[in-house]
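Shown here: target-v3.json, JSON, C-alpha atoms and all ligand atoms.
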[["chain", "number", "residue", "atom", "x", "y", "z"],
["E", 283, "MET", "CA", 92.10, 64.01, 80.54],
["E", 284, "LYS", "CA", 94.53, 66.39, 82.10],
["E", 285, "PHE", "CA", 96.19, 66.92, 78.78],
["E", 286, "ILE", "CA", 92.90, 67.76, 77.18],
["E", 287, "LEU", "CA", 92.10, 70.25, 79.89],
["E", 288, "LYS", "CA", 95.49, 71.86, 79.63],
["E", 289, "THR", "CA", 95.22, 72.12, 75.89],
["E", 290, "LEU", "CA", 91.81, 73.63, 76.21],
["E", 291, "LEU", "CA", 92.90, 76.17, 78.77],
["E", 292, "THR", "CA", 96.00, 77.01, 76.79],
["E", 293, "LEU", "CA", 93.98, 77.48, 73.64],
["E", 294, "PHE", "CA", 91.59, 79.67, 75.50],
["E", 295, "ILE", "CA", 94.32, 81.79, 76.97],
["E", 296, "ALA", "CA", 96.04, 82.10, 73.62],
["E", 297, "GLY", "CA", 92.83, 83.44, 72.15],
["E", 298, "PHE", "CA", 92.40, 85.77, 75.03],
["E", 299, "VAL", "CA", 95.84, 87.24, 74.74],
["E", 300, "LEU", "CA", 96.23, 87.36, 71.00],
["E", 301, "GLN", "CA", 92.93, 88.65, 69.87],
["E", 302, "GLY", "CA", 91.02, 89.55, 72.97],
["E", 303, "CYS", "CA", 88.40, 86.93, 72.22],
["E", 304, "GLN", "CA", 85.84, 88.67, 70.08],
["E", 305, "ASP", "CA", 82.92, 86.81, 71.54],
["E", 306, "GLN", "CA", 83.84, 88.02, 75.00],
["E", 307, "TYR", "CA", 84.81, 91.59, 74.40],
["E", 308, "ASP", "CA", 81.86, 93.22, 72.83],
["E", 309, "THR", "CA", 82.09, 96.95, 72.86],
["E", 310, "ASN", "CA", 78.60, 97.12, 71.43],
["E", 311, "THR", "CA", 77.12, 95.81, 74.64],
["E", 312, "VAL", "CA", 79.58, 97.19, 77.20],
["E", 313, "PRO", "CA", 79.03, 100.94, 77.45],
["E", 314, "GLU", "CA", 82.11, 103.02, 76.83],
["E", 315, "SER", "CA", 81.46, 104.73, 80.16],
["E", 316, "VAL", "CA", 81.79, 101.41, 81.98],
["E", 317, "ILE", "CA", 85.05, 100.63, 80.25],
["E", 318, "ASP", "CA", 86.31, 104.11, 81.10],
["E", 319, "ARG", "CA", 85.20, 103.68, 84.71],
["E", 320, "LEU", "CA", 86.89, 100.30, 85.04],
["E", 321, "GLN", "CA", 90.10, 101.73, 83.66],
["E", 322, "GLU", "CA", 89.83, 104.70, 85.97],
["E", 323, "MET", "CA", 89.40, 102.25, 88.84],
["E", 324, "GLY", "CA", 92.52, 100.44, 87.73],
["E", 325, "PHE", "CA", 91.01, 97.33, 86.15],
["E", 326, "ASN", "CA", 92.10, 95.93, 82.85],
["E", 327, "PRO", "CA", 88.83, 95.73, 80.90],
["E", 328, "GLU", "CA", 90.22, 93.43, 78.23],
["E", 329, "GLY", "CA", 87.93, 90.44, 77.88],
["E", 330, "ILE", "CA", 85.08, 92.09, 79.79],
["E", 331, "GLU", "CA", 81.75, 90.33, 79.45],
["E", 332, "VAL", "CA", 78.24, 91.44, 80.22],
["E", 333, "VAL", "CA", 76.58, 89.06, 82.69],
["E", 334, "PRO", "CA", 73.28, 89.29, 84.56],
["E", 335, "GLU", "CA", 75.06, 90.41, 87.75],
["E", 336, "GLY", "CA", 76.92, 93.21, 86.00],
["E", 337, "TYR", "CA", 80.24, 92.61, 84.30],
["E", 338, "ARG", "CA", 82.71, 89.77, 84.40],
["E", 339, "ILE", "CA", 86.41, 90.35, 83.99],
["E", 340, "GLU", "CA", 89.36, 87.98, 83.97],
["E", 341, "ARG", "CA", 86.88, 85.18, 83.38],
["E", 342, "ASP", "CA", 85.85, 84.78, 87.01],
["E", 343, "ILE", "CA", 85.57, 88.12, 88.79],
["E", 344, "ILE", "CA", 82.16, 89.74, 88.93],
["E", 345, "ILE", "CA", 81.99, 93.52, 89.14],
["E", 346, "THR", "CA", 78.53, 94.60, 90.21],
["E", 347, "PRO", "CA", 76.94, 98.00, 89.54],
["E", 348, "ALA", "CA", 77.52, 98.68, 93.26],
["E", 349, "ASP", "CA", 81.24, 98.04, 92.78],
["E", 350, "LEU", "CA", 81.26, 100.53, 89.91],
["E", 351, "GLU", "CA", 79.53, 103.13, 92.07],
["E", 352, "ARG", "CA", 81.79, 102.65, 95.04],
["E", 353, "ASN", "CA", 84.16, 105.49, 95.51],
["E", 354, "VAL", "CA", 87.09, 103.51, 96.77],
["E", 355, "GLY", "CA", 90.41, 105.11, 96.11],
["E", 356, "ILE", "CA", 93.12, 103.23, 94.33],
["E", 357, "ILE", "CA", 95.58, 101.93, 96.83],
["E", 358, "ALA", "CA", 99.22, 102.27, 95.99],
["E", 359, "ASN", "CA", 100.92, 98.93, 96.33],
["E", 360, "GLY", "CA", 104.46, 99.77, 95.45],
["E", 361, "LYS", "CA", 106.11, 97.00, 93.57],
["E", 362, "HIS", "CA", 103.38, 94.42, 93.17],
["E", 363, "THR", "CA", 105.67, 91.59, 94.03],
["E", 364, "ASP", "CA", 104.13, 90.45, 97.27],
["E", 365, "LYS", "CA", 102.32, 87.24, 97.61],
["E", 366, "GLN", "CA", 98.79, 87.66, 98.88],
["E", 367, "TYR", "CA", 96.24, 90.36, 98.26],
["E", 368, "ARG", "CA", 92.84, 91.27, 99.54],
["E", 369, "THR", "CA", 90.11, 93.71, 98.65],
["E", 370, "THR", "CA", 89.28, 96.81, 100.66],
["E", 371, "ASN", "CA", 86.10, 95.25, 102.01],
["E", 372, "LEU", "CA", 86.22, 92.09, 104.03],
["E", 373, "VAL", "CA", 83.50, 90.00, 105.61],
["E", 374, "ASN", "CA", 82.62, 91.34, 109.03],
["E", 375, "ALA", "CA", 83.39, 88.31, 111.16],
["E", 376, "GLY", "CA", 82.33, 89.87, 114.45],
["E", 377, "ASN", "CA", 82.94, 87.42, 117.27],
["E", 378, "GLY", "CA", 82.78, 84.54, 114.88],
["E", 379, "ARG", "CA", 80.52, 84.07, 111.93],
["E", 380, "ASN", "CA", 79.22, 81.06, 110.10],
["E", 381, "ILE", "CA", 78.65, 81.51, 106.39],
["E", 382, "THR", "CA", 76.10, 79.19, 104.85],
["E", 383, "ILE", "CA", 76.40, 77.93, 101.29],
["E", 384, "TYR", "CA", 73.63, 76.31, 99.31],
["E", 385, "ALA", "CA", 74.08, 74.29, 96.14],
["E", 386, "PRO", "CA", 71.22, 72.50, 94.39],
["E", 387, "GLU", "CA", 71.73, 68.79, 94.00],
["E", 388, "GLU", "CA", 71.01, 66.87, 90.85],
["E", 389, "GLY", "CA", 67.44, 65.63, 90.84],
["E", 390, "GLY", "CA", 67.31, 62.12, 92.28],
["E", 391, "SER", "CA", 71.09, 62.33, 92.66],
["E", 392, "THR", "CA", 71.65, 58.78, 91.44],
["E", 393, "GLY", "CA", 75.10, 57.37, 91.88],
["E", 394, "GLY", "CA", 75.91, 56.38, 88.32],
["E", 395, "GLY", "CA", 74.57, 59.44, 86.56],
["E", 396, "GLY", "CA", 77.84, 61.26, 86.02],
["E", 397, "ARG", "CA", 79.17, 59.26, 83.13],
["E", 398, "GLY", "CA", 76.30, 59.59, 80.76],
["E", 399, "LYS", "CA", 76.31, 63.35, 80.72],
["E", 400, "LYS", "CA", 77.33, 64.79, 77.40],
["E", 401, "GLY", "CA", 80.26, 67.14, 77.02],
["E", 402, "GLY", "CA", 78.84, 70.60, 76.77],
["E", 403, "GLY", "CA", 75.47, 69.79, 78.17],
["E", 404, "GLY", "CA", 74.35, 69.24, 81.67],
["E", 405, "GLY", "CA", 70.79, 68.43, 82.43],
["E", 406, "GLY", "CA", 69.00, 70.45, 85.07],
["E", 407, "ASP", "CA", 70.34, 73.08, 87.36],
["E", 408, "GLY", "CA", 71.52, 70.66, 90.02],
["E", 409, "TYR", "CA", 75.06, 69.54, 90.73],
["E", 410, "SER", "CA", 76.42, 66.02, 90.59],
["E", 411, "ALA", "CA", 77.50, 64.11, 93.66],
["E", 412, "ALA", "CA", 81.15, 64.87, 92.82],
["E", 413, "MET", "CA", 80.44, 68.60, 92.68],
["E", 414, "ILE", "CA", 78.69, 68.49, 96.03],
["E", 415, "ALA", "CA", 81.58, 66.47, 97.45],
["E", 416, "GLY", "CA", 83.94, 69.13, 96.06],
["E", 417, "LEU", "CA", 81.96, 71.86, 97.81],
["E", 418, "ASP", "CA", 82.02, 69.92, 101.07],
["E", 419, "LEU", "CA", 85.78, 69.41, 100.77],
["E", 420, "ALA", "CA", 86.32, 73.12, 100.08],
["E", 421, "ILE", "CA", 84.29, 73.93, 103.19],
["E", 422, "ASP", "CA", 86.27, 71.40, 105.23],
["E", 423, "ARG", "CA", 89.52, 73.00, 104.12],
["E", 424, "TYR", "CA", 88.46, 76.42, 105.38],
["E", 425, "ASN", "CA", 87.03, 75.05, 108.60],
["E", 426, "ALA", "CA", 90.24, 73.13, 109.31],
["E", 427, "GLU", "CA", 92.08, 76.46, 109.66],
["E", 428, "ASN", "CA", 90.11, 77.54, 112.76],
["E", 429, "LEU", "CA", 89.34, 80.96, 111.34],
["E", 430, "SER", "CA", 86.92, 83.52, 112.77],
["E", 431, "ILE", "CA", 84.63, 82.60, 109.90],
["E", 432, "THR", "CA", 83.38, 79.10, 109.32],
["E", 433, "PHE", "CA", 81.35, 77.65, 106.50],
["E", 434, "SER", "CA", 78.59, 75.12, 106.34],
["E", 435, "ARG", "CA", 76.52, 73.69, 103.51],
["E", 436, "VAL", "CA", 72.77, 74.03, 103.83],
["E", 437, "THR", "CA", 70.09, 72.24, 101.86],
["E", 438, "SER", "CA", 67.77, 75.18, 101.35],
["E", 439, "SER", "CA", 68.55, 78.39, 99.52],
["E", 440, "THR", "CA", 66.36, 80.35, 101.91],
["E", 441, "GLY", "CA", 68.58, 82.59, 103.97],
["E", 442, "ALA", "CA", 71.80, 81.10, 102.61],
["E", 443, "ASP", "CA", 74.69, 83.56, 102.58],
["E", 444, "ILE", "CA", 76.12, 82.21, 99.34],
["E", 445, "VAL", "CA", 74.12, 80.38, 96.69],
["E", 446, "MET", "CA", 75.98, 78.26, 94.17],
["E", 447, "THR", "CA", 74.24, 78.29, 90.81],
["E", 448, "ARG", "CA", 75.05, 76.80, 87.43],
["E", 449, "LEU", "CA", 76.80, 78.89, 84.84],
["E", 450, "ASN", "CA", 74.76, 79.17, 81.69],
["E", 451, "LYS", "CA", 75.39, 76.48, 79.10],
["E", 452, "ARG", "CA", 77.21, 78.80, 76.75],
["E", 453, "ASP", "CA", 79.76, 79.66, 79.43],
["E", 454, "GLU", "CA", 80.10, 76.01, 80.39],
["E", 455, "ARG", "CA", 80.78, 75.10, 76.77],
["E", 456, "ARG", "CA", 83.34, 77.87, 76.47],
["E", 457, "GLY", "CA", 85.24, 76.47, 79.43],
["E", 458, "VAL", "CA", 84.43, 79.07, 82.06],
["E", 459, "LEU", "CA", 85.02, 77.25, 85.34],
["E", 460, "GLY", "CA", 83.41, 79.53, 87.90],
["E", 461, "SER", "CA", 82.82, 83.12, 88.90],
["E", 462, "ALA", "CA", 82.27, 85.17, 92.05],
["E", 463, "GLY", "CA", 82.50, 88.74, 93.29],
["E", 464, "PHE", "CA", 83.87, 90.58, 96.28],
["E", 465, "PRO", "CA", 82.39, 91.33, 99.73],
["E", 466, "THR", "CA", 79.79, 94.07, 100.01],
["E", 467, "ALA", "CA", 80.42, 97.45, 101.55],
["E", 468, "GLY", "CA", 78.24, 96.24, 104.42],
["E", 469, "GLY", "CA", 80.64, 93.44, 105.32],
["E", 470, "ASP", "CA", 78.76, 90.49, 103.87],
["E", 471, "PRO", "CA", 80.31, 87.91, 101.59],
["E", 472, "TYR", "CA", 79.44, 88.12, 97.91],
["E", 473, "GLY", "CA", 76.25, 86.12, 97.65],
["E", 474, "GLU", "CA", 76.60, 84.00, 94.55],
["E", 475, "ILE", "CA", 79.09, 81.56, 93.12],
["E", 476, "LYS", "CA", 78.40, 80.47, 89.59],
["E", 477, "MET", "CA", 80.04, 77.16, 88.88],
["E", 478, "SER", "CA", 80.32, 75.06, 85.80],
["E", 479, "GLY", "CA", 78.42, 71.80, 86.13],
["E", 480, "VAL", "CA", 80.67, 69.91, 83.71],
["E", 481, "LEU", "CA", 84.01, 69.94, 85.49],
["E", 482, "GLU", "CA", 83.77, 66.23, 86.07],
["E", 483, "SER", "CA", 81.93, 65.10, 82.95],
["E", 484, "SER", "CA", 83.78, 67.24, 80.41],
["E", 485, "TYR", "CA", 87.18, 67.73, 82.01],
["E", 486, "GLY", "CA", 87.48, 64.70, 84.23],
["E", 487, "LEU", "CA", 88.37, 66.73, 87.30],
["E", 488, "SER", "CA", 88.71, 64.92, 90.59],
["E", 489, "VAL", "CA", 86.77, 65.92, 93.69],
["E", 490, "GLU", "CA", 89.99, 67.61, 94.89],
["E", 491, "GLY", "CA", 90.30, 69.55, 91.63],
["E", 492, "ILE", "CA", 86.67, 70.63, 91.91],
["E", 493, "ALA", "CA", 87.19, 71.60, 95.57],
["E", 494, "THR", "CA", 90.15, 73.76, 94.55],
["E", 495, "ILE", "CA", 88.07, 75.78, 92.11],
["E", 496, "ILE", "CA", 85.15, 76.16, 94.52],
["E", 497, "ALA", "CA", 87.55, 77.19, 97.32],
["E", 498, "HIS", "CA", 89.00, 79.77, 94.91],
["E", 499, "GLU", "CA", 85.57, 81.30, 94.26],
["E", 500, "ILE", "CA", 84.80, 81.26, 98.00],
["E", 501, "GLY", "CA", 88.11, 83.12, 98.40],
["E", 502, "HIS", "CA", 86.84, 85.93, 96.19],
["E", 503, "CYS", "CA", 83.55, 86.07, 98.11],
["E", 504, "ILE", "CA", 85.46, 86.75, 101.34],
["E", 505, "GLY", "CA", 87.86, 89.27, 99.82],
["E", 506, "PHE", "CA", 90.83, 87.53, 98.28],
["E", 507, "ARG", "CA", 92.32, 88.86, 95.09],
["E", 508, "HIS", "CA", 94.39, 86.67, 92.81],
["E", 509, "THR", "CA", 97.80, 85.87, 94.27],
["E", 510, "ASP", "CA", 99.30, 86.76, 90.91],
["E", 511, "TYR", "CA", 96.92, 89.58, 90.05],
["E", 512, "PHE", "CA", 99.89, 91.82, 89.29],
["E", 513, "ASP", "CA", 101.00, 89.43, 86.58],
["E", 514, "ARG", "CA", 98.52, 86.81, 85.48],
["E", 515, "SER", "CA", 101.08, 85.24, 83.18],
["E", 516, "ILE", "CA", 102.53, 83.54, 86.28],
["E", 517, "SER", "CA", 99.65, 81.05, 86.27],
["E", 518, "CYS", "CA", 97.99, 81.71, 82.92],
["E", 519, "GLY", "CA", 100.98, 81.89, 80.63],
["E", 520, "GLY", "CA", 101.05, 84.36, 77.77],
["E", 521, "SER", "CA", 102.30, 87.88, 78.13],
["E", 522, "THR", "CA", 102.41, 89.93, 81.32],
["E", 523, "ALA", "CA", 99.00, 91.26, 82.23],
["E", 524, "ASN", "CA", 98.17, 93.26, 85.33],
["E", 525, "GLU", "CA", 94.57, 93.11, 86.50],
["E", 526, "GLY", "CA", 94.90, 96.47, 88.19],
["E", 527, "ASP", "CA", 93.69, 97.09, 91.68],
["E", 528, "GLY", "CA", 90.16, 97.61, 90.47],
["E", 529, "GLY", "CA", 89.10, 100.17, 93.02],
["E", 530, "VAL", "CA", 88.11, 97.27, 95.23],
["E", 531, "GLY", "CA", 91.64, 97.34, 96.48],
["E", 532, "ALA", "CA", 94.63, 95.08, 96.25],
["E", 533, "ILE", "CA", 96.18, 95.34, 99.65],
["E", 534, "HIS", "CA", 99.18, 93.26, 100.52],
["E", 535, "ILE", "CA", 98.52, 90.89, 103.39],
["E", 536, "SER", "CA", 101.24, 91.30, 105.95],
["E", 537, "GLY", "CA", 103.38, 88.34, 106.78],
["E", 538, "THR", "CA", 103.11, 86.77, 103.36],
["E", 539, "PRO", "CA", 106.37, 86.51, 101.45],
["E", 540, "THR", "CA", 107.29, 88.04, 98.13],
["E", 541, "GLY", "CA", 107.19, 86.52, 94.69],
["E", 542, "ALA", "CA", 104.15, 84.56, 93.57],
["E", 543, "THR", "CA", 105.17, 81.40, 91.77],
["E", 544, "LEU", "CA", 103.28, 78.75, 89.93],
["E", 545, "ALA", "CA", 105.21, 76.10, 91.84],
["E", 546, "ALA", "CA", 103.79, 77.28, 95.17],
["E", 547, "LYS", "CA", 100.31, 76.47, 93.83],
["E", 548, "SER", "CA", 98.33, 79.03, 95.79],
["E", 549, "TRP", "CA", 94.62, 78.36, 95.63],
["E", 550, "MET", "CA", 94.14, 81.96, 94.55],
["E", 551, "LEU", "CA", 96.29, 81.88, 91.41],
["E", 552, "SER", "CA", 94.43, 83.39, 88.45],
["E", 553, "CYS", "CA", 94.34, 80.30, 86.27],
["E", 554, "ALA", "CA", 93.55, 76.75, 87.31],
["E", 555, "ASP", "CA", 95.26, 73.70, 85.88],
["E", 556, "GLY", "CA", 92.54, 71.32, 86.98],
["E", 557, "GLY", "CA", 94.72, 69.83, 89.69],
["E", 558, "ASP", "CA", 94.55, 69.97, 93.47],
["E", 559, "ARG", "CA", 95.75, 73.10, 95.23],
["E", 560, "PRO", "CA", 95.12, 72.77, 98.95],
["E", 561, "PHE", "CA", 96.14, 75.78, 101.05],
["E", 562, "ASN", "CA", 99.94, 76.16, 101.12],
["E", 563, "ASN", "CA", 101.74, 77.71, 104.11],
["E", 564, "ASP", "CA", 101.44, 81.24, 102.74],
["E", 565, "ASP", "CA", 97.77, 80.73, 101.98],
["E", 566, "VAL", "CA", 97.25, 79.65, 105.60],
["E", 567, "THR", "CA", 99.13, 82.73, 106.82],
["E", 568, "ALA", "CA", 96.98, 84.98, 104.65],
["E", 569, "LEU", "CA", 93.75, 83.34, 105.81],
["E", 570, "ASN", "CA", 94.76, 83.75, 109.42],
["E", 571, "VAL", "CA", 95.73, 87.38, 108.99],
["E", 572, "LEU", "CA", 92.32, 88.24, 107.55],
["E", 573, "TYR", "CA", 90.15, 85.94, 109.62],
["B", 601, "ZN", "ZN", 89.57, 84.12, 90.49]]
Would you kindly transcribe this structure into structure tokens?
Ligand SMILES: [Zn+2]
Amino acid sequence: MKFILKTLLTLFIAGFVLQGCQDQYDTNTVPESVIDRLQEMGFNPEGIEVVPEGYRIERDIIITPADLERNVGIIANGKHTDKQYRTTNLVNAGNGRNITIYAPEEGGSTGGGGRGKKGGGGGGDGYSAAMIAGLDLAIDRYNAENLSITFSRVTSSTGADIVMTRLNKRDERRGVLGSAGFPTAGGDPYGEIKMSGVLESSYGLSVEGIATIIAHEIGHCIGFRHTDYFDRSISCGGSTANEGDGGVGAIHISGTPTGATLAAKSWMLSCADGGDRPFNNDDVTALNVLY
């Protein structure tokens, strides 16, 4: 299973690097002005996709029209070799803030349903028991750090801070794992995580592997950039590719050491390998500096 996933991800990345994935990078639908703006903001628009929320870059980062409008200066980072990065905007934690997350559960949520699901498919909009368990584990991992923000899962979307919705089937089939955006200028977390519903049925991911990906997307929602944003090849392979600071900022988090490595398995590395990446010591430092 792992081998299949790796092969799939490697194939995907190869396509991405070598030919820019024609079905993702469609200059006919992405206005030239947006590409210019993204470049001006410091993002690498290669592989940009049009999505309902705005644009998706690097396969999992959502740039909203509000992000494009925001006049946030590019922050000089020097050498780009430090370990942890955040965006300009963070969640306003005040004196402590609980962030609620809602995810729809598979209708009936029967125990044995997972197996029968076909590869690229997925029935309704709900998530399997393993996906919900992955979300709960991701939440537990954050809450175990005693941060100024906590998370809890709620069973109604009404008033939820973050709603987890299914990626569309085409994205699920293409192997997109999840996507999220960055905190708002008003200090709220980004409000939507789109997650694949076939991580278990198509890729055989464990609950821990699922939790790692969900925790990664939560990380974006509260302001974390990719640990290796300055060189995605560290976790994705292929040739060196800098995401740019994107105008949303890529500010080094003090106290985190230099030199992102694949071996350290930060939960915020650009590319997942399907395995478990609980917070490492540097991740914990970074979380505690911000929250
Ligand atoms: Zn990401």
Using all atoms listed in the file, which of E:Ser430, E:Thr382, E:Thr567, E:Thr494 sits nearest ligand ZN 601 (chain B)? E:Thr494
Please return, as a PyMOL selection string, all polymer residues that have at least one atom within 12 Å of the point (80.6, 91.3, 81.2); use only C-alpha atoms and the file's own coordinate frame. chain E and resi 305-313+316-317+320+327-347+453+461
If you count all atoms listed in the file, the residue of E:Asp510, E:Glu314, E:Asp418, E:Asp564 closest to ligand ZN 601 (chain B) turns out to be E:Asp510
For ligand ZN 601 (chain B), list the contacting residues at 10 Å or closer, counting all atoms listed in the file, as a PyMOL selection string. chain E and resi 339-344+459-463+495-503+506-509+511+549-554
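Atom pair atom CA of E:Arg319 / atom CA of E:Glu351: separated by 9.3 Å.
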Could you name the residues that touch E:Pro465 at 6 Å or less, counting all atoms listed in the file, but leaving out those on the same chain fewer than 5 positions away, as a list in words? Asn371, Leu372, Asp470, Pro471, Tyr472, Cys503, Ile504 and Gly505 of chain E
As a ChimeraX atom specification, please: the residues near stretch 476-492 of chain E (cut-off 6 Å, only C-alpha atoms, same-chain neighbours under 2 positions excluded). /E:283,287,401,412,416,446-449,454,459-461,494-495,556-558
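Picture a line from atom CA of E:Arg435 to atom CA of E:Tyr384; it runs 5.7 Å.
If all atoms listed in the file are the atoms counted, then among E:Pro386, E:Asn377, E:Tyr367, E:Ser515 the closest residue to E:Ser536 is E:Tyr367.
One finds atom CA of E:Gln321 at 25.1 Å from atom CA of E:Gly473.
Closest approach to E:Ser315 among E:Leu429, E:Ala415, E:Leu350, E:Leu572: E:Leu350, based on only C-alpha atoms.
The nearest approach to E:Met413 among the residues E:Ala385, E:Val445, E:Val458, E:Val571, with only C-alpha atoms taken into account, belongs to E:Ala385.
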Please rebuild stretch 326-342 of chain E with N, CA and C atoms and return the result as a PDB file, keeping the file's coordinate frame.
ATOM      1  N   ASN E 326      91.833  96.154  84.265  1.00  0.00           N
ATOM      2  CA  ASN E 326      92.100  95.930  82.850  1.00  0.00           C
ATOM      3  C   ASN E 326      90.818  95.377  82.233  1.00  0.00           C
ATOM      4  N   PRO E 327      90.129  96.169  81.410  1.00  0.00           N
ATOM      5  CA  PRO E 327      88.830  95.730  80.900  1.00  0.00           C
ATOM      6  C   PRO E 327      88.903  94.763  79.722  1.00  0.00           C
ATOM      7  N   GLU E 328      90.093  94.367  79.350  1.00  0.00           N
ATOM      8  CA  GLU E 328      90.220  93.430  78.230  1.00  0.00           C
ATOM      9  C   GLU E 328      89.486  92.131  78.556  1.00  0.00           C
ATOM     10  N   GLY E 329      88.651  91.687  77.648  1.00  0.00           N
ATOM     11  CA  GLY E 329      87.930  90.440  77.880  1.00  0.00           C
ATOM     12  C   GLY E 329      86.679  90.617  78.719  1.00  0.00           C
ATOM     13  N   ILE E 330      86.279  91.846  78.974  1.00  0.00           N
ATOM     14  CA  ILE E 330      85.080  92.090  79.790  1.00  0.00           C
ATOM     15  C   ILE E 330      83.851  91.475  79.133  1.00  0.00           C
ATOM     16  N   GLU E 331      82.986  90.931  79.950  1.00  0.00           N
ATOM     17  CA  GLU E 331      81.750  90.330  79.450  1.00  0.00           C
ATOM     18  C   GLU E 331      80.565  90.893  80.229  1.00  0.00           C
ATOM     19  N   VAL E 332      79.469  91.036  79.547  1.00  0.00           N
ATOM     20  CA  VAL E 332      78.240  91.440  80.220  1.00  0.00           C
ATOM     21  C   VAL E 332      77.575  90.180  80.774  1.00  0.00           C
ATOM     22  N   VAL E 333      77.270  90.186  82.050  1.00  0.00           N
ATOM     23  CA  VAL E 333      76.580  89.060  82.690  1.00  0.00           C
ATOM     24  C   VAL E 333      75.401  89.625  83.478  1.00  0.00           C
ATOM     25  N   PRO E 334      74.460  88.782  83.860  1.00  0.00           N
ATOM     26  CA  PRO E 334      73.280  89.290  84.560  1.00  0.00           C
ATOM     27  C   PRO E 334      73.619  90.092  85.829  1.00  0.00           C
ATOM     28  N   GLU E 335      74.715  89.731  86.504  1.00  0.00           N
ATOM     29  CA  GLU E 335      75.060  90.410  87.750  1.00  0.00           C
ATOM     30  C   GLU E 335      75.742  91.752  87.504  1.00  0.00           C
ATOM     31  N   GLY E 336      76.192  91.979  86.296  1.00  0.00           N
ATOM     32  CA  GLY E 336      76.920  93.210  86.000  1.00  0.00           C
ATOM     33  C   GLY E 336      77.923  92.946  84.898  1.00  0.00           C
ATOM     34  N   TYR E 337      79.194  92.882  85.282  1.00  0.00           N
ATOM     35  CA  TYR E 337      80.240  92.610  84.300  1.00  0.00           C
ATOM     36  C   TYR E 337      81.184  91.557  84.864  1.00  0.00           C
ATOM     37  N   ARG E 338      81.745  90.779  83.952  1.00  0.00           N
ATOM     38  CA  ARG E 338      82.710  89.770  84.400  1.00  0.00           C
ATOM     39  C   ARG E 338      84.031  90.070  83.726  1.00  0.00           C
ATOM     40  N   ILE E 339      85.079  90.150  84.539  1.00  0.00           N
ATOM     41  CA  ILE E 339      86.410  90.350  83.990  1.00  0.00           C
ATOM     42  C   ILE E 339      87.307  89.206  84.429  1.00  0.00           C
ATOM     43  N   GLU E 340      88.377  89.032  83.677  1.00  0.00           N
ATOM     44  CA  GLU E 340      89.360  87.980  83.970  1.00  0.00           C
ATOM     45  C   GLU E 340      88.687  86.618  84.107  1.00  0.00           C
ATOM     46  N   ARG E 341      87.606  86.452  83.450  1.00  0.00           N
ATOM     47  CA  ARG E 341      86.880  85.180  83.380  1.00  0.00           C
ATOM     48  C   ARG E 341      86.189  84.744  84.663  1.00  0.00           C
ATOM     49  N   ASP E 342      86.564  85.274  85.825  1.00  0.00           N
ATOM     50  CA  ASP E 342      85.850  84.780  87.010  1.00  0.00           C
ATOM     51  C   ASP E 342      85.533  85.836  88.060  1.00  0.00           C
TER      52      ASP E 342
END
